[in-house]
>>> print(open('coords23.txt').read())   # compact mmCIF, C-alpha atoms
# COMPACT_ATOMS: atom_id res chain seq x y z
CA MET A 109 33.48 -1.05 53.86
CA THR A 110 36.37 -0.61 51.43
CA ALA A 111 37.37 -4.25 51.93
CA LEU A 112 33.80 -5.38 51.17
CA ARG A 113 33.75 -3.23 48.06
CA ARG A 114 37.07 -4.70 46.94
CA LEU A 115 35.78 -8.23 47.56
CA ARG A 116 32.62 -7.56 45.55
CA LYS A 117 34.71 -6.12 42.71
CA LEU A 118 37.04 -9.11 42.92
CA VAL A 119 34.27 -11.69 42.58
CA LEU A 120 31.54 -9.90 40.61
CA GLY A 121 33.63 -7.41 38.63
CA GLU A 122 33.22 -3.69 38.03
CA THR A 123 29.66 -3.72 36.71
CA TRP A 124 26.41 -5.22 37.99
CA THR A 125 25.19 -5.90 34.44
CA LEU A 126 27.53 -8.80 33.77
CA PRO A 127 26.82 -10.88 36.92
CA LEU A 128 23.08 -10.14 36.74
CA VAL A 129 22.73 -11.19 33.09
CA LEU A 130 24.97 -14.20 33.69
CA GLY A 131 22.97 -15.26 36.75
CA ALA A 132 19.63 -14.87 34.95
CA GLY A 133 20.99 -16.73 31.92
CA LEU A 134 22.33 -19.64 33.98
CA ALA A 135 19.08 -19.89 35.96
CA SER A 136 17.11 -19.94 32.68
CA ALA A 137 19.45 -22.59 31.27
CA GLY A 138 18.89 -24.73 34.39
CA LEU A 139 15.13 -24.37 33.99
CA ILE A 140 15.28 -25.25 30.27
CA ARG A 141 17.36 -28.30 31.13
CA VAL A 142 14.69 -29.48 33.59
CA LEU A 143 11.93 -28.91 31.01
CA ALA A 144 13.90 -30.61 28.21
CA GLY A 145 14.78 -33.62 30.36
CA PRO A 146 18.31 -34.91 30.97
CA HIS A 147 18.42 -37.11 27.86
CA GLY A 148 16.70 -34.86 25.33
CA TRP A 149 18.20 -32.28 22.97
CA TRP A 150 19.79 -30.56 25.96
CA ARG A 151 22.50 -33.21 26.21
CA SER A 152 24.01 -32.35 22.83
CA ALA A 153 22.95 -28.72 22.33
CA GLY A 154 22.64 -27.26 25.84
CA GLY A 155 26.31 -26.23 25.87
CA PHE A 156 25.78 -23.90 22.93
CA LEU A 157 22.90 -22.28 24.80
CA LEU A 158 25.31 -21.57 27.67
CA LEU A 159 27.82 -20.18 25.18
CA ALA A 160 25.09 -17.85 23.90
CA VAL A 161 24.40 -16.75 27.50
CA ALA A 162 28.10 -15.91 27.96
CA VAL A 163 28.21 -13.93 24.70
CA LEU A 164 24.99 -12.10 25.65
CA ALA A 165 26.38 -11.23 29.12
CA LEU A 166 29.57 -9.88 27.52
CA THR A 167 27.68 -7.90 24.88
CA VAL A 168 25.28 -6.16 27.26
CA SER A 169 28.10 -5.32 29.69
CA LEU A 170 29.92 -3.35 26.98
CA PRO A 171 28.99 0.29 26.27
CA ARG A 172 25.81 0.59 24.19
CA ARG A 173 26.20 1.45 20.57
CA SER A 174 24.29 4.52 19.44
CA MET B 188 44.71 -31.67 25.45
CA THR B 189 42.69 -30.59 28.50
CA PHE B 190 45.88 -31.04 30.53
CA VAL B 191 47.81 -28.61 28.33
CA LEU B 192 44.96 -26.07 28.18
CA THR B 193 44.44 -26.16 31.98
CA LEU B 194 48.20 -25.80 32.51
CA ALA B 195 48.37 -22.85 30.08
CA GLY B 196 45.27 -21.23 31.60
CA ALA B 197 46.64 -21.46 35.17
CA LEU B 198 50.11 -20.33 34.05
CA LEU B 199 48.85 -17.23 32.24
CA ALA B 200 46.18 -16.22 34.77
CA VAL B 201 48.48 -16.64 37.79
CA SER B 202 51.36 -14.89 35.98
CA VAL B 203 49.22 -11.83 35.30
CA GLU B 204 47.93 -11.68 38.88
CA MET B 205 51.43 -12.16 40.31
CA LEU B 206 52.83 -9.49 38.01
CA GLU B 207 50.39 -7.02 39.55
CA ALA B 208 51.39 -8.11 43.07
CA LEU B 209 55.07 -7.89 42.08
CA ALA B 210 54.60 -4.29 40.90
CA ILE B 211 53.30 -3.33 44.36
CA VAL B 212 56.06 -5.17 46.27
CA LEU B 213 58.74 -3.66 44.00
CA ALA B 214 57.30 -0.19 44.50
CA VAL B 215 57.42 -0.66 48.29
CA GLY B 216 60.93 -2.15 48.16
CA VAL B 217 62.40 0.54 45.89
CA THR B 218 60.75 3.46 47.72
CA ARG B 219 60.95 2.27 51.33
CA ARG B 220 63.02 -0.74 52.48
CA TRP B 221 63.30 -4.16 50.92
CA ARG B 222 63.03 -5.91 54.28
CA ASP B 223 59.64 -4.37 55.09
CA ALA B 224 58.35 -5.05 51.57
CA LEU B 225 59.37 -8.70 51.85
CA TYR B 226 57.90 -9.06 55.39
CA GLY B 227 54.55 -7.75 54.14
CA ALA B 228 54.61 -9.94 51.04
CA ALA B 229 55.65 -13.05 53.02
CA ALA B 230 52.86 -12.56 55.58
CA ALA B 231 50.32 -12.25 52.77
CA ALA B 232 51.74 -15.34 51.03
CA LEU B 233 51.30 -17.32 54.27
CA ALA B 234 47.70 -16.09 54.62
CA VAL B 235 46.96 -17.04 51.00
CA ALA B 236 48.60 -20.46 51.46
CA ALA B 237 46.44 -21.07 54.56
CA LEU B 238 43.34 -20.08 52.58
CA ALA B 239 44.29 -22.41 49.72
CA GLY B 240 45.04 -25.25 52.16
CA ALA B 241 41.63 -24.83 53.80
CA LEU B 242 39.52 -24.02 50.75
CA GLY B 243 40.80 -26.50 48.17
CA PRO B 244 40.37 -29.82 50.02
CA LEU B 245 37.10 -28.62 51.63
CA ILE B 246 35.52 -27.82 48.27
CA LEU B 247 36.82 -30.95 46.57
CA ALA B 248 35.74 -33.28 49.41
CA ARG B 249 32.34 -31.85 50.40
CA ILE B 250 30.60 -31.01 47.12
CA SER B 251 29.53 -33.68 44.63
CA LEU B 252 30.92 -33.45 41.11
CA ASN B 253 28.12 -31.97 38.99
CA PRO B 254 27.06 -29.15 41.36
CA LEU B 255 30.77 -28.40 41.82
CA ARG B 256 31.21 -28.10 38.05
CA VAL B 257 28.33 -25.63 37.87
CA VAL B 258 29.73 -23.55 40.75
CA VAL B 259 33.25 -23.64 39.30
CA GLY B 260 31.96 -22.86 35.80
CA THR B 261 30.00 -19.88 37.12
CA LEU B 262 33.04 -18.60 39.00
CA LEU B 263 35.26 -18.95 35.93
CA LEU B 264 32.61 -17.24 33.80
CA LEU B 265 32.49 -14.31 36.22
CA PHE B 266 36.29 -13.92 36.16
CA GLY B 267 36.70 -14.69 32.47
CA LEU B 268 33.92 -12.46 31.18
CA GLU B 269 35.14 -9.54 33.33
CA TRP B 270 38.68 -9.91 31.95
CA LEU B 271 37.27 -10.29 28.45
CA ARG B 272 35.09 -7.17 28.86
CA LYS B 273 38.08 -5.12 29.98
CA GLY B 274 40.22 -6.64 27.21
CA VAL B 275 37.65 -5.71 24.53
CA LEU B 276 37.44 -2.15 25.86
CA ARG B 277 41.25 -1.82 25.98
CA LEU B 278 41.78 -3.24 22.50
CA ALA B 279 39.05 -0.92 21.17
CA GLY B 280 40.88 2.05 22.71
CA LEU B 281 38.06 2.83 25.17
CA ARG B 282 40.09 2.02 28.29
CA SER B 283 43.74 2.69 29.10
CA PRO B 284 46.05 -0.30 28.47
CA SER B 285 46.77 -2.57 31.41
CA SER B 286 50.17 -1.84 32.90
CA SER B 287 51.86 -3.14 36.02
CA PHE B 288 54.58 -0.58 35.29
CA ARG B 289 52.07 2.28 35.63
CA GLU B 290 50.80 0.70 38.86
CA PHE B 291 54.42 0.57 40.07
CA VAL B 292 54.97 4.26 39.31
CA GLU B 293 51.68 5.34 40.95
CA GLN B 294 52.37 3.27 44.04
CA ARG B 295 55.92 4.62 44.29
CA GLU B 296 54.73 8.22 44.02
CA ALA B 297 52.16 7.63 46.78
CA LEU B 298 54.77 6.03 49.05
CA GLU B 299 57.36 8.77 48.53
CA GLU B 300 55.02 11.25 50.22
CA ALA B 301 55.05 9.38 53.56
CA ALA B 302 58.00 9.88 55.96
CA LEU B 303 60.34 6.90 56.47
CA PRO B 304 60.69 5.69 60.12
CA PRO B 305 64.21 5.78 61.62
CA PRO B 306 66.53 2.79 60.96
CA GLY B 307 65.77 -0.24 63.14
CA HIS B 308 62.07 0.62 63.45
CA PRO B 309 59.49 -1.35 61.46
CA ASP B 310 57.88 0.49 58.57
CA TRP B 311 54.26 -0.59 59.15
CA ALA B 312 52.89 1.47 56.27
CA ALA B 313 55.19 -0.28 53.80
CA ARG B 314 54.43 -3.72 55.27
CA ALA B 315 50.68 -3.08 55.16
CA ILE B 316 50.77 -1.97 51.50
CA ALA B 317 52.85 -4.98 50.43
CA PHE B 318 50.60 -7.29 52.48
CA LYS B 319 47.37 -5.89 51.02
CA GLY B 320 48.65 -6.01 47.44
CA VAL B 321 49.86 -9.60 47.62
CA LEU B 322 46.79 -10.76 49.59
CA LEU B 323 44.22 -9.37 47.13
CA GLU B 324 45.99 -10.73 44.05
CA GLY B 325 46.72 -13.98 45.90
CA VAL B 326 43.06 -14.58 46.75
CA GLU B 327 42.20 -14.25 43.07
CA VAL B 328 44.99 -16.73 42.24
CA VAL B 329 43.61 -19.23 44.77
CA LEU B 330 40.08 -18.95 43.37
CA ILE B 331 41.26 -19.45 39.77
CA VAL B 332 43.56 -22.39 40.58
CA VAL B 333 40.96 -24.12 42.78
CA ALA B 334 38.36 -23.65 40.02
CA LEU B 335 40.66 -25.10 37.34
CA ALA B 336 41.79 -27.92 39.65
CA SER B 337 38.29 -29.06 40.56
CA ARG B 338 37.73 -31.00 37.32
CA PRO B 339 38.82 -34.67 37.43
CA GLY B 340 42.47 -34.71 36.38
CA GLY B 341 42.66 -30.93 36.70
CA THR B 342 44.62 -30.73 39.95
CA VAL B 343 48.07 -31.54 38.53
CA PRO B 344 48.03 -29.12 35.53
CA ALA B 345 46.34 -26.31 37.52
CA VAL B 346 48.77 -26.54 40.43
CA ALA B 347 51.76 -27.03 38.10
CA GLY B 348 50.75 -24.03 35.99
CA GLY B 349 50.22 -21.89 39.09
CA ALA B 350 53.54 -22.98 40.61
CA ALA B 351 55.40 -22.35 37.34
CA ALA B 352 53.88 -18.86 37.18
CA LEU B 353 54.95 -18.13 40.77
CA LEU B 354 58.52 -19.23 40.00
CA LEU B 355 58.57 -17.30 36.73
CA VAL B 356 57.27 -14.01 38.12
CA GLY B 357 59.18 -14.42 41.41
CA GLY B 358 62.37 -15.06 39.42
CA LEU B 359 61.80 -12.02 37.25
CA GLY B 360 61.26 -9.87 40.33
CA PHE B 361 64.33 -11.25 42.09
CA PHE B 362 66.74 -10.92 39.17
CA LEU B 363 65.51 -7.71 37.62
CA ARG B 364 64.18 -5.88 40.69
CA ALA B 365 62.27 -3.67 38.30
CA PRO B 366 58.85 -3.99 36.73
CA ILE B 367 58.60 -5.44 33.29
CA ALA B 368 57.44 -2.54 31.17
CA ARG B 369 57.47 -4.34 27.83
CA ILE B 370 55.10 -7.24 28.53
CA PRO B 371 51.98 -6.75 26.39
CA GLU B 372 49.70 -7.09 29.41
CA THR B 373 46.57 -5.95 27.59
CA HIS B 374 46.86 -8.80 25.09
CA VAL B 375 47.85 -11.37 27.72
CA LYS B 376 44.84 -10.43 29.86
CA TYR B 377 42.55 -10.62 26.84
CA VAL B 378 43.81 -14.16 26.06
CA VAL B 379 43.33 -15.15 29.73
CA GLY B 380 39.78 -13.77 29.54
CA VAL B 381 39.04 -15.95 26.49
CA MET B 382 40.55 -19.03 28.20
CA LEU B 383 38.75 -18.61 31.53
CA THR B 384 35.43 -17.96 29.80
CA THR B 385 35.98 -21.06 27.65
CA PHE B 386 36.62 -23.22 30.73
CA GLY B 387 33.62 -21.61 32.45
CA VAL B 388 31.17 -22.46 29.64
CA PHE B 389 32.67 -25.96 29.32
CA PHE B 390 32.51 -26.82 33.05
CA ALA B 391 29.09 -25.27 33.70
CA ALA B 392 27.60 -27.16 30.73
CA GLU B 393 29.16 -30.45 31.88
CA GLY B 394 27.71 -29.87 35.33
CA LEU B 395 24.27 -29.44 33.76
CA GLY B 396 24.53 -32.78 31.94
CA VAL B 397 25.80 -31.63 28.52
CA GLU B 398 27.98 -33.94 26.44
CA TRP B 399 30.10 -31.73 24.20
CA PRO B 400 30.43 -32.74 20.55
CA LEU B 401 34.07 -33.93 20.05
CA GLY B 402 34.59 -34.21 23.84
CA ASP B 403 37.47 -32.18 25.29
CA ALA B 404 38.27 -30.79 21.82
CA ALA B 405 35.20 -28.59 22.40
CA LEU B 406 37.54 -26.36 24.41
CA LEU B 407 39.30 -25.43 21.16
CA TYR B 408 36.22 -24.48 19.15
CA LEU B 409 34.66 -22.70 22.14
CA ALA B 410 37.83 -20.60 22.53
CA ALA B 411 37.87 -19.87 18.80
CA LEU B 412 34.20 -18.81 18.83
CA LEU B 413 34.66 -16.57 21.88
CA ALA B 414 37.80 -15.01 20.37
CA ALA B 415 35.96 -14.36 17.09
CA VAL B 416 32.90 -12.81 18.77
CA SER B 417 34.98 -10.61 21.07
CA GLN B 418 37.19 -9.47 18.16
CA LEU B 419 34.05 -8.45 16.27
CA GLN B 420 33.04 -6.43 19.32
CA VAL B 421 36.49 -4.81 19.44
CA VAL B 422 36.16 -3.80 15.76
CA ALA B 423 32.60 -2.48 16.21
CA LEU B 424 33.47 -0.47 19.34
CA ALA B 425 36.68 0.92 17.81
CA ARG B 426 34.84 1.96 14.64
CA GLU B 427 32.10 3.63 16.66
CA SER B 428 34.67 5.41 18.80
CA ARG B 429 36.51 6.71 15.71
CA ALA B 430 33.22 7.87 14.15
CA ARG B 431 32.34 9.75 17.34
CA VAL B 432 35.72 11.50 17.37
CA ALA B 433 35.46 12.39 13.67
CA ALA B 434 31.91 13.77 14.03
CA PRO B 435 31.77 17.60 14.11
>>> encode(input="coords23.txt", output="structure tokens")
Amino acid sequence: MTALRRLRKLVLGETWTLPLVLGAGLASAGLIRVLAGPHGWWRSAGGFLLLAVAVLALTVSLPRRS
Amino acid sequence: MTFVLTLAGALLAVSVEMLEALAIVLAVGVTRRWRDALYGAAAAALAVAALAGALGPLILARISLNPLRVVVGTLLLLFGLEWLRKGVLRLAGLRSPSSSFREFVEQREALEEAALPPPGHPDWAARAIAFKGVLLEGVEVVLIVVALASRPGGTVPAVAGGAAALLLVGGLGFFLRAPIARIPETHVKYVVGVMLTTFGVFFAAEGLGVEWPLGDAALLYLAALLAAVSQLQVVALARESRARVAAP
């Protein structure tokens, strides 16, 4: 049990928020890419959307500001 | 440029992980016996090498390039963002600074409580602790190096950076036989967090068909943007923390 907990912490980190937001963000980005088509705006701007997902995941995983 | 950044990323990330493993092995060696500490560490190193030997070629041979980039990018994002989150909290004063030296002291105190077996008998407790410490940090090293190596042209800088880190940290441990208390680990881990997150965004986007403006130079502006955003978060959290302390 302890080994499983250590493995989860090793891969997913200390909080659930970060992997959950990241997973949802990446899934949404994949869906947007399909809707936008492989040669549309996604090709040049999709990376910045992923950057925004990473920043969002980091921000919500930090303690909330009052 | 990607070569240098991959090399630096692997070097820093593996150095930090190995420093943590070194702290545990040193604690076992200083408190118990060096032979048992080294047996435990060597067994774990063999297990990690077997894992790397099995995992690396399997991943690189079986999965096609774009899905692999997405998987690798996601893995690097998970590692990088976690390190970045901890780095932001530490720099904002909301989490105690990272310290292999403190880990060394805690481990040594825990080990001093257990009785030492008579000379000539194996110290299984010491071996198990050294084994576990090196194995856990080693698995993380393997995952990071395999992730960085999976990009075309990434194998040489990732493996070279990882190998240089092993030699560097191993050499420090061998010559000094004491943990390095003065390394600014908090800052090093924060930089590693920025680098791994940068590679994660870059790889995942490439896997999803993105062509980055300015090509590989995108790594530089992505790192700068992530550093700027995370520094803003450090400032905001530190200010909020100070305001909370000052409030009556």
>>> axis_aligned_box(input="coords23.txt", around="segment 404-419 of chain B", padding_each_side="4 Å", output="lines of an AutoDock Vina configuration file")
center_x = 36.1
center_y = -19.6
center_z = 20.3
size_x = 14.4
size_y = 30.3
size_z = 16.1
>>> residues_around(input="coords23.txt", residues="segment 321-327 of chain B", least_positions_apart="6", cutoff="7 Å", atoms="only C-alpha atoms", output="list in words")
Glu204, Met205, Ala208, Ala228, Ala231, Ala232 and Val235 of chain B
>>> interface_residues(input="coords23.txt", of="chain B", to="chain A", cutoff="10 Å", atoms="all atoms listed in the file", output="ChimeraX atom specification")
/B:257,261-273,275-276,281,323-324,326-327,330,384-385,387-393,395-400,405,409,412-413,416-417,420,423-424,427-428,431
>>> residues_around(input="coords23.txt", residues="Pro244 of chain B", least_positions_apart="5", cutoff="12 Å", atoms="only C-alpha atoms", output="list in words")
Ala237, Leu238, Ala239, Arg249, Ile250, Val333, Ala334, Ala336, Ser337 and Thr342 of chain B
>>> atom_distance(input="coords23.txt", atom1="atom CA of Arg113 of chain A", atom2="atom CA of Leu383 of chain B")
23.1 Å
>>> atom_distance(input="coords23.txt", atom1="atom CA of Glu296 of chain B", atom2="atom CA of His308 of chain B")
22.1 Å
>>> residues_around(input="coords23.txt", residues="segment 218-221 of chain B", least_positions_apart="3", cutoff="7 Å", atoms="all atoms listed in the file", output="list of chain:residue names")
B:Ala214, B:Val215, B:Ala224, B:Leu225, B:Arg295, B:Leu298, B:Glu299, B:Leu303, B:Ala313
>>> atom_distance(input="coords23.txt", atom1="atom CA of Ala345 of chain B", atom2="atom CA of Gly394 of chain B")
19.1 Å
>>> closest_residue(input="coords23.txt", among="B:Leu419, B:Leu355, B:Gly227, B:Gly340", to="Ala312 of chain B", atoms="all atoms listed in the file")
B:Gly227
>>> residues_around(input="coords23.txt", residues="Leu198 of chain B", least_positions_apart="5", cutoff="6 Å", atoms="all atoms listed in the file", output="PyMOL selection string")
chain B and resi 348-349+352
>>> closest_residue(input="coords23.txt", among="B:Gly402, B:Gly360, B:Gly216, B:Gly260", to="Arg338 of chain B", atoms="all atoms listed in the file")
B:Gly260
